[in-house]
file final-v6.csv (CSV, C-alpha atoms (C1' of nucleotides))
chain,number,residue,atom,x,y,z
J,1,MET,CA,94.8,41.3,94.2
J,2,SER,CA,95.2,38.0,92.5
J,3,GLU,CA,95.9,34.4,93.4
J,4,PRO,CA,99.4,33.4,94.6
J,5,LEU,CA,101.3,31.3,92.1
J,6,SER,CA,102.4,27.9,93.0
J,7,LEU,CA,106.0,28.6,91.9
J,8,ASP,CA,108.2,31.6,92.4
J,9,PRO,CA,108.2,33.2,88.9
J,10,ILE,CA,111.7,34.7,89.4
J,11,ALA,CA,113.2,31.3,90.4
J,12,GLU,CA,111.6,29.8,87.3
J,13,ALA,CA,113.1,32.5,85.1
J,14,GLU,CA,116.5,31.9,86.7
J,15,ARG,CA,116.2,28.1,85.8
J,16,HIS,CA,115.3,29.0,82.2
J,17,TRP,CA,118.3,31.3,82.1
J,18,ARG,CA,120.6,28.5,83.2
J,19,ARG,CA,119.1,26.0,80.8
J,20,HIS,CA,119.5,28.3,77.9
J,21,GLY,CA,123.2,28.6,78.5
J,22,TRP,CA,123.4,31.9,80.4
J,23,PRO,CA,124.4,30.7,83.9
J,24,ASP,CA,126.7,33.7,84.5
J,25,ALA,CA,123.9,36.1,83.9
J,26,ALA,CA,121.2,34.2,85.8
J,27,PRO,CA,121.9,35.6,89.3
J,28,GLY,CA,122.0,39.2,88.0
J,29,MET,CA,118.8,38.7,86.0
J,30,ALA,CA,117.2,37.4,89.2
J,31,ALA,CA,118.5,40.3,91.2
J,32,VAL,CA,117.3,42.9,88.7
J,33,THR,CA,113.9,41.3,88.3
J,34,SER,CA,113.5,41.0,92.1
J,35,ILE,CA,114.2,44.7,92.5
J,36,MET,CA,111.5,45.5,89.9
J,37,ARG,CA,108.9,43.4,91.6
J,38,ALA,CA,109.9,44.6,95.1
J,39,HIS,CA,109.5,48.1,94.0
J,40,GLN,CA,106.0,47.4,92.7
J,41,ILE,CA,105.1,45.8,96.0
J,42,VAL,CA,106.3,48.4,98.4
J,43,LEU,CA,105.2,51.3,96.2
J,44,ALA,CA,101.7,49.9,96.2
J,45,ARG,CA,101.7,49.6,100.0
J,46,VAL,CA,103.0,53.1,100.5
J,47,GLU,CA,100.6,54.7,98.0
J,48,ALA,CA,97.7,53.0,99.6
J,49,VAL,CA,98.6,54.7,102.9
J,50,LEU,CA,99.2,58.0,101.3
J,51,ARG,CA,96.1,58.1,99.2
J,52,PRO,CA,93.8,59.4,102.0
J,53,HIS,CA,96.2,62.2,102.5
J,54,ARG,CA,96.0,63.0,98.8
J,55,LEU,CA,99.7,62.4,98.4
J,56,THR,CA,101.9,60.2,96.3
J,57,PHE,CA,105.3,59.0,97.4
J,58,ALA,CA,107.1,61.4,95.1
J,59,ARG,CA,105.3,64.4,96.6
J,60,TYR,CA,105.6,63.0,100.1
J,61,GLU,CA,109.4,62.8,99.7
J,62,VAL,CA,109.5,66.5,98.7
J,63,LEU,CA,107.5,67.4,101.8
J,64,MET,CA,109.8,65.5,104.1
J,65,LEU,CA,112.9,66.9,102.5
J,66,LEU,CA,111.6,70.4,103.1
J,67,SER,CA,110.5,69.6,106.7
J,68,PHE,CA,114.0,68.4,107.5
J,69,SER,CA,115.6,71.6,106.3
J,70,ARG,CA,116.4,74.4,108.7
J,71,THR,CA,114.1,77.0,107.1
J,72,GLY,CA,111.5,74.7,105.4
J,73,THR,CA,112.8,76.1,102.2
J,74,LEU,CA,115.1,74.7,99.5
J,75,PRO,CA,116.0,75.5,95.9
J,76,MET,CA,114.3,73.4,93.2
J,77,LYS,CA,117.6,72.2,92.0
J,78,LEU,CA,118.6,70.9,95.4
J,79,VAL,CA,115.4,69.0,95.8
J,80,GLY,CA,116.1,67.2,92.6
J,81,SER,CA,119.7,66.3,93.5
J,82,ARG,CA,118.8,65.1,97.0
J,83,LEU,CA,115.9,63.0,95.8
J,84,GLN,CA,117.9,61.9,92.7
J,85,VAL,CA,115.2,62.7,90.3
J,86,HIS,CA,115.0,64.7,87.1
J,87,PRO,CA,114.2,68.4,87.2
J,88,THR,CA,111.0,67.7,85.3
J,89,SER,CA,109.8,65.4,88.1
J,90,VAL,CA,110.5,68.1,90.7
J,91,THR,CA,108.5,70.6,88.6
J,92,ASN,CA,105.7,68.2,88.4
J,93,ALA,CA,105.6,67.3,92.1
J,94,VAL,CA,105.9,71.0,93.1
J,95,ASP,CA,103.1,72.0,90.8
J,96,ARG,CA,100.7,69.6,92.4
J,97,LEU,CA,101.9,70.3,95.9
J,98,GLN,CA,101.4,74.0,95.2
J,99,ASP,CA,97.9,73.4,93.8
J,100,ALA,CA,97.1,71.6,97.1
J,101,GLY,CA,98.5,74.5,99.1
J,102,LEU,CA,101.3,72.4,100.7
J,103,VAL,CA,104.2,74.3,99.3
J,104,ARG,CA,104.9,77.8,97.8
J,105,ARG,CA,107.3,78.9,95.1
J,106,GLU,CA,109.5,81.8,96.1
J,107,PRO,CA,112.1,83.7,94.2
J,108,HIS,CA,115.7,82.9,95.0
J,109,PRO,CA,117.4,86.0,96.5
J,110,ASP,CA,120.7,85.5,94.9
J,111,ASP,CA,119.9,83.9,91.6
J,112,ALA,CA,117.0,84.8,89.4
J,113,ARG,CA,117.2,81.6,87.5
J,114,SER,CA,116.5,79.6,90.6
J,115,LEU,CA,113.3,79.2,92.6
J,116,LEU,CA,112.9,78.2,96.3
J,117,VAL,CA,110.2,75.8,97.4
J,118,ALA,CA,108.8,76.7,100.7
J,119,LEU,CA,106.7,74.4,103.0
J,120,THR,CA,103.4,75.9,104.2
J,121,ASP,CA,101.9,75.3,107.6
J,122,SER,CA,99.4,73.1,105.9
J,123,GLY,CA,102.2,71.2,104.2
J,124,ARG,CA,103.9,70.6,107.5
J,125,ASP,CA,100.7,69.2,109.0
J,126,VAL,CA,100.1,66.9,106.1
J,127,ALA,CA,103.6,65.6,106.1
J,128,ARG,CA,103.4,64.8,109.8
J,129,ALA,CA,100.1,63.0,109.6
J,130,ALA,CA,101.2,61.0,106.6
J,131,THR,CA,104.5,60.0,108.3
J,132,THR,CA,102.5,58.8,111.4
J,133,ASP,CA,100.5,56.5,109.1
J,134,LEU,CA,103.4,55.4,107.0
J,135,ASN,CA,105.5,54.5,110.0
J,136,ALA,CA,102.7,52.5,111.5
J,137,ALA,CA,101.5,50.7,108.4
J,138,VAL,CA,104.7,50.2,106.4
J,139,PHE,CA,108.0,51.4,107.7
J,140,SER,CA,107.6,49.6,111.1
J,141,GLN,CA,106.6,46.4,109.3
J,142,PRO,CA,108.3,46.4,105.9
J,143,GLY,CA,107.6,42.7,105.4
J,144,LEU,CA,111.1,41.6,106.3
J,145,SER,CA,113.0,40.5,109.4
J,146,PRO,CA,115.1,43.1,111.1
J,147,ALA,CA,118.2,41.2,109.9
J,148,GLY,CA,116.9,41.0,106.4
J,149,THR,CA,116.0,44.7,106.4
J,150,ALA,CA,119.5,45.6,107.5
J,151,GLU,CA,121.1,43.2,104.9
J,152,LEU,CA,118.9,44.7,102.1
J,153,VAL,CA,119.9,48.2,103.0
J,154,ARG,CA,123.6,47.3,103.1
J,155,VAL,CA,123.6,45.5,99.7
J,156,LEU,CA,121.6,48.3,98.1
J,157,THR,CA,123.9,50.9,99.5
J,158,ASP,CA,126.7,49.2,97.6
J,159,LEU,CA,124.6,49.3,94.5
J,160,ARG,CA,123.8,52.9,94.9
J,161,ARG,CA,127.4,53.9,95.6
J,162,GLY,CA,128.5,51.9,92.6
J,163,ALA,CA,126.0,53.7,90.4
J,164,GLY,CA,127.5,57.0,91.4
J,165,ASP,CA,124.8,58.3,93.8
J,166,PHE,CA,127.4,59.3,96.4
J,167,THR,CA,131.0,58.9,97.1
F,1,MET,CA,123.8,62.3,85.0
F,2,SER,CA,124.6,64.5,88.0
F,3,GLU,CA,127.3,65.0,90.5
F,4,PRO,CA,127.7,62.4,93.3
F,5,LEU,CA,126.5,63.7,96.7
F,6,SER,CA,129.0,63.8,99.5
F,7,LEU,CA,126.6,62.0,101.8
F,8,ASP,CA,124.3,59.0,101.3
F,9,PRO,CA,120.9,60.6,101.2
F,10,ILE,CA,119.2,57.5,102.5
F,11,ALA,CA,121.6,57.3,105.5
F,12,GLU,CA,120.8,61.0,106.2
F,13,ALA,CA,117.1,60.4,106.1
F,14,GLU,CA,117.5,57.5,108.5
F,15,ARG,CA,119.3,59.8,110.9
F,16,HIS,CA,116.5,62.3,110.6
F,17,TRP,CA,114.0,59.5,111.4
F,18,ARG,CA,115.8,58.5,114.5
F,19,ARG,CA,116.2,62.1,115.7
F,20,HIS,CA,112.5,62.8,115.2
F,21,GLY,CA,111.6,59.9,117.5
F,22,TRP,CA,110.8,57.2,115.0
F,23,PRO,CA,113.7,54.7,115.6
F,24,ASP,CA,111.5,51.7,115.1
F,25,ALA,CA,110.5,52.9,111.6
F,26,ALA,CA,113.9,54.1,110.5
F,27,PRO,CA,115.2,50.8,109.1
F,28,GLY,CA,112.0,50.1,107.2
F,29,MET,CA,112.0,53.6,105.8
F,30,ALA,CA,115.6,53.1,104.6
F,31,ALA,CA,114.7,49.7,103.1
F,32,VAL,CA,111.7,51.1,101.2
F,33,THR,CA,113.6,54.1,100.0
F,34,SER,CA,116.5,52.0,98.9
F,35,ILE,CA,114.3,49.7,96.9
F,36,MET,CA,112.8,52.8,95.2
F,37,ARG,CA,116.2,54.1,94.2
F,38,ALA,CA,117.6,50.8,93.2
F,39,HIS,CA,114.7,50.3,90.9
F,40,GLN,CA,115.4,53.6,89.3
F,41,ILE,CA,119.0,52.7,88.8
F,42,VAL,CA,118.6,49.3,87.3
F,43,LEU,CA,115.6,50.2,85.2
F,44,ALA,CA,117.6,53.0,83.6
F,45,ARG,CA,120.5,50.7,82.9
F,46,VAL,CA,118.2,48.0,81.4
F,47,GLU,CA,116.2,50.4,79.2
F,48,ALA,CA,119.4,52.0,77.9
F,49,VAL,CA,120.4,48.6,76.6
F,50,LEU,CA,116.9,47.8,75.2
F,51,ARG,CA,116.4,51.2,73.5
F,52,PRO,CA,118.4,50.2,70.3
F,53,HIS,CA,116.1,47.1,70.1
F,54,ARG,CA,113.1,49.4,70.3
F,55,LEU,CA,112.0,47.6,73.4
F,56,THR,CA,111.2,48.5,77.0
F,57,PHE,CA,111.6,46.2,79.9
F,58,ALA,CA,107.9,45.6,80.2
F,59,ARG,CA,107.7,44.5,76.6
F,60,TYR,CA,110.9,42.5,76.8
F,61,GLU,CA,109.5,40.5,79.7
F,62,VAL,CA,106.4,39.6,77.6
F,63,LEU,CA,108.6,38.4,74.8
F,64,MET,CA,110.8,36.3,77.1
F,65,LEU,CA,107.8,34.7,78.8
F,66,LEU,CA,106.4,33.7,75.4
F,67,SER,CA,109.8,32.4,74.2
F,68,PHE,CA,110.0,30.1,77.3
F,69,SER,CA,106.6,28.6,76.6
F,70,ARG,CA,106.3,25.4,74.7
F,71,THR,CA,104.3,26.8,71.8
F,72,GLY,CA,105.3,30.4,72.0
F,73,THR,CA,101.7,31.2,72.8
F,74,LEU,CA,100.0,32.1,76.0
F,75,PRO,CA,96.7,33.6,77.1
F,76,MET,CA,96.7,37.3,77.9
F,77,LYS,CA,95.5,36.5,81.4
F,78,LEU,CA,98.4,34.1,82.1
F,79,VAL,CA,100.9,36.7,80.9
F,80,GLY,CA,99.6,39.2,83.4
F,81,SER,CA,99.6,36.7,86.3
F,82,ARG,CA,103.1,35.4,85.6
F,83,LEU,CA,104.5,38.9,85.3
F,84,GLN,CA,102.4,40.2,88.2
F,85,VAL,CA,101.1,43.2,86.4
F,86,HIS,CA,97.6,44.6,85.8
F,87,PRO,CA,95.6,43.4,82.8
F,88,THR,CA,95.7,46.9,81.4
F,89,SER,CA,99.5,46.8,81.4
F,90,VAL,CA,99.4,43.6,79.4
F,91,THR,CA,97.0,45.1,76.9
F,92,ASN,CA,99.3,48.1,76.6
F,93,ALA,CA,102.5,46.0,76.1
F,94,VAL,CA,100.9,43.6,73.6
F,95,ASP,CA,99.4,46.5,71.6
F,96,ARG,CA,102.9,47.9,71.1
F,97,LEU,CA,104.5,44.6,70.5
F,98,GLN,CA,101.9,43.8,67.9
F,99,ASP,CA,102.4,47.1,66.2
F,100,ALA,CA,106.1,46.2,65.9
F,101,GLY,CA,105.2,42.8,64.5
F,102,LEU,CA,106.8,40.9,67.4
F,103,VAL,CA,103.6,39.2,68.6
F,104,ARG,CA,100.2,38.4,67.2
F,105,ARG,CA,96.8,38.2,68.9
F,106,GLU,CA,94.9,34.9,68.2
F,107,PRO,CA,91.5,33.7,69.3
F,108,HIS,CA,91.4,31.3,72.2
F,109,PRO,CA,90.0,28.0,71.0
F,110,ASP,CA,88.0,27.1,74.1
F,111,ASP,CA,87.0,30.5,75.5
F,112,ALA,CA,85.8,33.4,73.4
F,113,ARG,CA,86.4,35.9,76.1
F,114,SER,CA,90.1,35.1,76.2
F,115,LEU,CA,92.9,35.9,73.6
F,116,LEU,CA,96.2,34.2,73.0
F,117,VAL,CA,99.4,36.1,72.4
F,118,ALA,CA,101.7,34.4,69.9
F,119,LEU,CA,105.4,35.2,69.4
F,120,THR,CA,106.3,35.8,65.8
F,121,ASP,CA,109.6,34.8,64.2
F,122,SER,CA,110.7,38.4,64.3
F,123,GLY,CA,109.7,38.6,68.0
F,124,ARG,CA,111.9,35.6,68.7
F,125,ASP,CA,114.9,37.1,67.0
F,126,VAL,CA,114.5,40.4,68.8
F,127,ALA,CA,114.1,38.7,72.1
F,128,ARG,CA,117.3,36.7,71.5
F,129,ALA,CA,119.4,39.7,70.4
F,130,ALA,CA,118.1,41.8,73.3
F,131,THR,CA,119.0,39.1,75.8
F,132,THR,CA,122.5,38.8,74.5
F,133,ASP,CA,123.0,42.5,75.1
F,134,LEU,CA,121.3,42.5,78.4
F,135,ASN,CA,123.3,39.6,79.7
F,136,ALA,CA,126.5,41.2,78.6
F,137,ALA,CA,125.8,44.7,79.8
F,138,VAL,CA,123.7,44.3,82.9
F,139,PHE,CA,122.9,40.9,84.1
F,140,SER,CA,126.5,39.6,84.1
F,141,GLN,CA,127.5,42.7,86.0
F,142,PRO,CA,124.6,43.9,88.1
F,143,GLY,CA,126.8,46.2,90.2
F,144,LEU,CA,126.9,43.9,93.1
F,145,SER,CA,129.3,41.2,94.4
F,146,PRO,CA,128.1,37.6,93.7
F,147,ALA,CA,127.5,37.2,97.5
F,148,GLY,CA,125.6,40.5,97.6
F,149,THR,CA,123.5,39.5,94.6
F,150,ALA,CA,122.6,36.2,96.2
F,151,GLU,CA,121.8,37.9,99.5
F,152,LEU,CA,119.6,40.4,97.7
F,153,VAL,CA,117.6,37.8,95.9
F,154,ARG,CA,117.2,35.8,99.0
F,155,VAL,CA,115.9,38.7,101.0
F,156,LEU,CA,113.6,39.9,98.3
F,157,THR,CA,112.2,36.4,97.8
F,158,ASP,CA,111.0,36.6,101.4
F,159,LEU,CA,109.5,40.0,100.7
F,160,ARG,CA,107.7,38.7,97.7
F,161,ARG,CA,106.4,35.6,99.4
F,162,GLY,CA,105.2,37.7,102.3
F,163,ALA,CA,103.3,39.9,99.8
F,164,GLY,CA,101.5,36.9,98.5
F,165,ASP,CA,103.2,36.6,95.2
F,166,PHE,CA,103.6,32.8,95.6
F,167,THR,CA,103.2,30.2,98.2
C,1,DG,C1',130.9,96.1,77.5
C,2,DT,C1',129.9,92.2,74.5
C,3,DC,C1',129.7,87.5,73.4
C,4,DC,C1',129.5,82.8,74.6
C,5,DT,C1',128.9,78.9,77.3
C,6,DA,C1',126.7,76.9,81.3
C,7,DT,C1',122.9,76.5,84.4
C,8,DA,C1',117.8,76.6,86.2
C,9,DA,C1',113.3,75.7,85.3
C,10,DT,C1',109.7,74.7,82.3
C,11,DT,C1',106.9,72.7,78.3
C,12,DG,C1',105.4,69.0,75.4
C,13,DG,C1',105.6,64.3,74.3
C,14,DA,C1',106.3,59.3,75.1
C,15,DC,C1',105.8,55.4,78.1
C,16,DG,C1',104.3,52.1,82.0
C,17,DT,C1',101.5,51.6,85.8
C,18,DC,C1',97.2,51.6,88.2
C,19,DC,C1',92.1,52.7,88.8
C,20,DT,C1',87.3,52.7,87.3
C,21,DA,C1',84.1,51.5,84.1
C,22,DT,C1',82.4,49.0,80.1
C,23,DG,C1',81.2,45.2,76.6
C,24,DA,C1',81.3,40.5,75.8
C,25,DA,C1',81.2,35.7,77.0
C,26,DT,C1',81.0,32.0,80.5
C,27,DG,C1',79.0,29.0,83.9
C,28,DA,C1',76.0,28.2,87.7
C,29,DT,C1',71.6,28.6,89.8
C,30,DT,C1',67.0,28.4,89.5
S,1,DA,C1',65.8,27.6,79.2
S,2,DA,C1',66.4,32.3,81.6
S,3,DT,C1',68.8,34.9,84.7
S,4,DC,C1',72.8,36.6,87.2
S,5,DA,C1',77.2,36.9,89.0
S,6,DT,C1',81.9,36.2,87.4
S,7,DT,C1',85.7,36.6,84.2
S,8,DC,C1',88.4,38.5,80.3
S,9,DA,C1',90.0,42.1,77.7
S,10,DT,C1',89.8,46.9,76.6
S,11,DA,C1',88.9,52.2,76.9
S,12,DG,C1',89.6,56.5,79.2
S,13,DG,C1',91.9,59.1,82.7
S,14,DA,C1',95.4,60.1,86.4
S,15,DC,C1',100.1,60.0,87.8
S,16,DG,C1',105.4,59.8,87.8
S,17,DT,C1',109.3,59.2,85.1
S,18,DC,C1',112.4,60.4,81.4
S,19,DC,C1',113.8,62.8,77.0
S,20,DA,C1',114.4,66.8,73.9
S,21,DA,C1',113.8,71.4,73.2
S,22,DT,C1',113.0,76.2,75.0
S,23,DT,C1',113.5,80.5,77.8
S,24,DA,C1',115.8,83.2,81.0
S,25,DT,C1',119.7,84.3,83.7
S,26,DA,C1',124.6,84.0,85.3
S,27,DG,C1',129.4,84.3,84.8
S,28,DG,C1',133.7,84.1,82.4
S,29,DA,C1',136.7,85.3,78.2
S,30,DC,C1',137.9,88.6,75.2
call {"tool": "encode", "arguments": {"input": "final-v6.csv", "output": "structure tokens"}}
result
Amino acid sequence: MSEPLSLDPIAEAERHWRRHGWPDAAPGMAAVTSIMRAHQIVLARVEAVLRPHRLTFARYEVLMLLSFSRTGTLPMKLVGSRLQVHPTSVTNAVDRLQDAGLVRREPHPDDARSLLVALTDSGRDVARAATTDLNAAVFSQPGLSPAGTAELVRVLTDLRRGAGDFT
Amino acid sequence: MSEPLSLDPIAEAERHWRRHGWPDAAPGMAAVTSIMRAHQIVLARVEAVLRPHRLTFARYEVLMLLSFSRTGTLPMKLVGSRLQVHPTSVTNAVDRLQDAGLVRREPHPDDARSLLVALTDSGRDVARAATTDLNAAVFSQPGLSPAGTAELVRVLTDLRRGAGDFT
DNA sequence: GTCCTATAATTGGACGTCCTATGAATGATT
DNA sequence: AATCATTCATAGGACGTCCAATTATAGGAC
């Protein structure tokens, strides 16, 4: 991409925060900014691996959620709540997965307002192949020590719980 | 937003990963997914605070970078490298900040290919007001314990260094 | 049985990000 | 001095996200 900087830009921002009289907010600022940048980094790595499979991470998550379900079929609404994304994002992802033949929309037997998303055989194959690549290229080597990885997940679990994601 | 789930969806995904025979990749998967979700959570909180100021986080970061510089003026290229975003993202952000009268584009005295971005008085005022609100509403209370915040920043610093952000 | 509210999914629009390609200017090589 | 690769910024397009508004259905209150 581009040249490494000689100084950590987030550490520099934190120093500025303290010098400007906001020492209480400095750690939180650094934490928020770090999350933003970490997201950018890991998303880029993940999407680079998924690109040959003609998938994005959002669509990959939908495929995996379906592949973990008993019947390979879930209501749209449930997909959104499990993945914690807005209904419009689900509509968008399912549209594109359907265009690619990886999922189908089916009527919900009990509720005509709802729709079921069903994984196709092709969708299951693509999900498996993409997972093999993702595990090898990213998830097995996320760029952190095992201890750091565990620590990160633990801290972010607190954050997510505090934000009301789960009880 | 929506109801809390009874189970942590990321912990559930991690169990699925182990059951499907990918135990080595399970922690990394959880770490990556946690970062994605944490990003969504903190970005939503930040943008809710910035909305009354008619700012987004991307534009706010540009304003703060300029306000920390000696002259309130930086080359476009340098803004992109410091914030670690694509040149097109800088063009986009500066376009909108300029429309709002918060920055100006000026010619670079030594290099006619380059442009300088200059903070206006109005831009400085908006940046200060937005920072006051952000510090109070988000950065002072990021949703993590002080120890967790420090731990998070430490771990993500390793991640960023490993990704080549800085030396 | 009708009305009235709540819910499910979609549409259209805004925004930020990245990618690819382009126009302009720089600096080095010849 | 002329050429050529590099660099800077921008344009156009794709994608995911959110928001606000819309349509259709469900289920309760009366």
call {"tool": "residues_around", "arguments": {"input": "final-v6.csv", "residues": "segment 96-108 of chain J", "least_positions_apart": "4", "cutoff": "8 Å", "atoms": "only C-alpha atoms (C1' of nucleotides)", "output": "PyMOL selection string"}}
result
chain J and resi 59+75+92+112-124+126
call {"tool": "calpha_fit_and_write", "arguments": {"input": "final-v6.csv", "fixed": "chain J", "moving": "chain F", "output": "compact mmCIF listing (two decimals) with C-alpha atoms, keeping the file's coordinate frame"}}
result
# COMPACT_ATOMS: atom_id res chain seq x y z
CA MET F 1 94.81 41.28 94.08
CA SER F 2 95.29 37.89 92.41
CA GLU F 3 95.87 34.34 93.33
CA PRO F 4 99.36 33.33 94.59
CA LEU F 5 101.34 31.32 92.00
CA SER F 6 102.45 27.87 92.97
CA LEU F 7 105.98 28.62 91.85
CA ASP F 8 108.26 31.64 92.33
CA PRO F 9 108.28 33.18 88.91
CA ILE F 10 111.69 34.69 89.40
CA ALA F 11 113.17 31.29 90.45
CA GLU F 12 111.60 29.80 87.26
CA ALA F 13 113.10 32.45 85.07
CA GLU F 14 116.49 31.82 86.63
CA ARG F 15 116.16 28.16 85.76
CA HIS F 16 115.28 29.08 82.22
CA TRP F 17 118.42 31.29 82.09
CA ARG F 18 120.66 28.54 83.20
CA ARG F 19 119.11 26.01 80.80
CA HIS F 20 119.52 28.38 77.86
CA GLY F 21 123.26 28.64 78.53
CA TRP F 22 123.44 31.90 80.40
CA PRO F 23 124.50 30.72 83.93
CA ASP F 24 126.74 33.68 84.48
CA ALA F 25 123.83 36.11 83.90
CA ALA F 26 121.20 34.19 85.80
CA PRO F 27 121.87 35.66 89.26
CA GLY F 28 122.00 39.21 87.96
CA MET F 29 118.81 38.68 86.02
CA ALA F 30 117.11 37.41 89.21
CA ALA F 31 118.47 40.37 91.20
CA VAL F 32 117.22 42.93 88.66
CA THR F 33 113.87 41.27 88.34
CA SER F 34 113.47 41.04 92.06
CA ILE F 35 114.21 44.69 92.54
CA MET F 36 111.55 45.46 89.89
CA ARG F 37 108.93 43.44 91.70
CA ALA F 38 109.84 44.58 95.12
CA HIS F 39 109.46 48.13 94.00
CA GLN F 40 106.03 47.36 92.74
CA ILE F 41 105.08 45.80 96.01
CA VAL F 42 106.28 48.45 98.36
CA LEU F 43 105.20 51.34 96.19
CA ALA F 44 101.66 49.97 96.18
CA ARG F 45 101.68 49.55 99.93
CA VAL F 46 103.05 53.11 100.47
CA GLU F 47 100.63 54.82 98.06
CA ALA F 48 97.68 52.99 99.61
CA VAL F 49 98.57 54.62 102.89
CA LEU F 50 99.21 58.08 101.31
CA ARG F 51 96.03 58.10 99.17
CA PRO F 52 93.75 59.35 102.07
CA HIS F 53 96.30 62.22 102.54
CA ARG F 54 95.96 63.02 98.86
CA LEU F 55 99.64 62.43 98.45
CA THR F 56 101.88 60.20 96.35
CA PHE F 57 105.25 59.00 97.39
CA ALA F 58 107.04 61.38 95.09
CA ARG F 59 105.25 64.33 96.62
CA TYR F 60 105.61 63.01 100.14
CA GLU F 61 109.37 62.82 99.71
CA VAL F 62 109.45 66.53 98.66
CA LEU F 63 107.51 67.47 101.74
CA MET F 64 109.75 65.45 104.07
CA LEU F 65 112.93 66.89 102.56
CA LEU F 66 111.60 70.42 103.12
CA SER F 67 110.47 69.60 106.69
CA PHE F 68 114.05 68.40 107.53
CA SER F 69 115.59 71.62 106.30
CA ARG F 70 116.35 74.39 108.69
CA THR F 71 114.07 76.97 107.11
CA GLY F 72 111.62 74.71 105.40
CA THR F 73 112.85 76.12 102.12
CA LEU F 74 115.10 74.72 99.49
CA PRO F 75 116.00 75.46 95.89
CA MET F 76 114.24 73.40 93.24
CA LYS F 77 117.61 72.19 92.01
CA LEU F 78 118.68 70.90 95.45
CA VAL F 79 115.38 69.03 95.82
CA GLY F 80 116.00 67.17 92.60
CA SER F 81 119.63 66.31 93.49
CA ARG F 82 118.82 65.10 97.00
CA LEU F 83 115.95 62.96 95.76
CA GLN F 84 117.87 61.84 92.66
CA VAL F 85 115.13 62.60 90.24
CA HIS F 86 114.95 64.61 87.01
CA PRO F 87 114.23 68.34 87.17
CA THR F 88 111.01 67.74 85.31
CA SER F 89 109.84 65.39 88.06
CA VAL F 90 110.47 68.09 90.61
CA THR F 91 108.53 70.62 88.59
CA ASN F 92 105.69 68.12 88.32
CA ALA F 93 105.63 67.31 92.09
CA VAL F 94 105.88 70.95 93.19
CA ASP F 95 103.13 72.01 90.75
CA ARG F 96 100.77 69.55 92.43
CA LEU F 97 101.90 70.30 95.89
CA GLN F 98 101.40 73.98 95.26
CA ASP F 99 97.96 73.41 93.89
CA ALA F 100 97.12 71.65 97.17
CA GLY F 101 98.56 74.55 99.14
CA LEU F 102 101.29 72.43 100.76
CA VAL F 103 104.24 74.36 99.30
CA ARG F 104 104.85 77.75 97.79
CA ARG F 105 107.27 78.86 95.08
CA GLU F 106 109.46 81.89 96.09
CA PRO F 107 112.09 83.81 94.19
CA HIS F 108 115.69 82.97 94.94
CA PRO F 109 117.36 86.01 96.44
CA ASP F 110 120.77 85.61 94.80
CA ASP F 111 119.95 83.91 91.49
CA ALA F 112 117.02 84.84 89.29
CA ARG F 113 117.17 81.65 87.36
CA SER F 114 116.55 79.58 90.47
CA LEU F 115 113.30 79.19 92.61
CA LEU F 116 112.88 78.21 96.21
CA VAL F 117 110.23 75.80 97.38
CA ALA F 118 108.79 76.70 100.78
CA LEU F 119 106.74 74.36 102.99
CA THR F 120 103.52 75.91 104.18
CA ASP F 121 101.95 75.29 107.59
CA SER F 122 99.40 73.04 105.97
CA GLY F 123 102.22 71.16 104.16
CA ARG F 124 103.89 70.56 107.51
CA ASP F 125 100.78 69.16 109.08
CA VAL F 126 100.11 66.86 106.16
CA ALA F 127 103.64 65.66 106.13
CA ARG F 128 103.44 64.86 109.86
CA ALA F 129 100.10 63.02 109.66
CA ALA F 130 101.25 61.06 106.60
CA THR F 131 104.42 59.97 108.36
CA THR F 132 102.56 58.75 111.37
CA ASP F 133 100.50 56.50 109.13
CA LEU F 134 103.39 55.41 107.07
CA ASN F 135 105.48 54.50 110.04
CA ALA F 136 102.67 52.54 111.54
CA ALA F 137 101.54 50.74 108.43
CA VAL F 138 104.66 50.20 106.40
CA PHE F 139 107.91 51.32 107.76
CA SER F 140 107.56 49.60 111.15
CA GLN F 141 106.64 46.43 109.32
CA PRO F 142 108.31 46.38 105.93
CA GLY F 143 107.64 42.66 105.43
CA LEU F 144 111.10 41.65 106.25
CA SER F 145 112.94 40.41 109.38
CA PRO F 146 115.10 43.12 111.08
CA ALA F 147 118.23 41.17 109.93
CA GLY F 148 116.84 40.93 106.39
CA THR F 149 116.03 44.64 106.35
CA ALA F 150 119.52 45.53 107.47
CA GLU F 151 121.05 43.16 104.92
CA LEU F 152 118.91 44.69 102.19
CA VAL F 153 119.92 48.21 102.96
CA ARG F 154 123.50 47.26 103.18
CA VAL F 155 123.51 45.56 99.83
CA LEU F 156 121.59 48.28 98.13
CA THR F 157 123.89 50.95 99.57
CA ASP F 158 126.70 49.26 97.65
CA LEU F 159 124.55 49.25 94.54
CA ARG F 160 123.82 52.89 94.91
CA ARG F 161 127.39 53.88 95.58
CA GLY F 162 128.51 51.86 92.59
CA ALA F 163 125.98 53.79 90.46
CA GLY F 164 127.52 57.02 91.50
CA ASP F 165 124.83 58.24 93.76
CA PHE F 166 127.37 59.30 96.44
CA THR F 167 130.97 58.93 97.19
call {"tool": "interface_residues", "arguments": {"input": "final-v6.csv", "of": "chain S", "to": "chain F", "cutoff": "9 Å", "atoms": "all atoms listed in the file", "output": "PyMOL selection string"}}
result
chain S and resi 7-10
call {"tool": "residues_around", "arguments": {"input": "final-v6.csv", "residues": "DA20 of chain S", "least_positions_apart": "5", "cutoff": "12 Å", "atoms": "only C-alpha atoms (C1' of nucleotides)", "output": "list in words"}}
result
Thr88 of chain J; DT11, DG12, DG13 and DA14 of chain C
call {"tool": "closest_residue", "arguments": {"input": "final-v6.csv", "among": "J:Ala127, J:Leu50, J:Ala31, J:Leu63", "to": "chain F", "atoms": "all atoms listed in the file"}}
result
J:Ala31
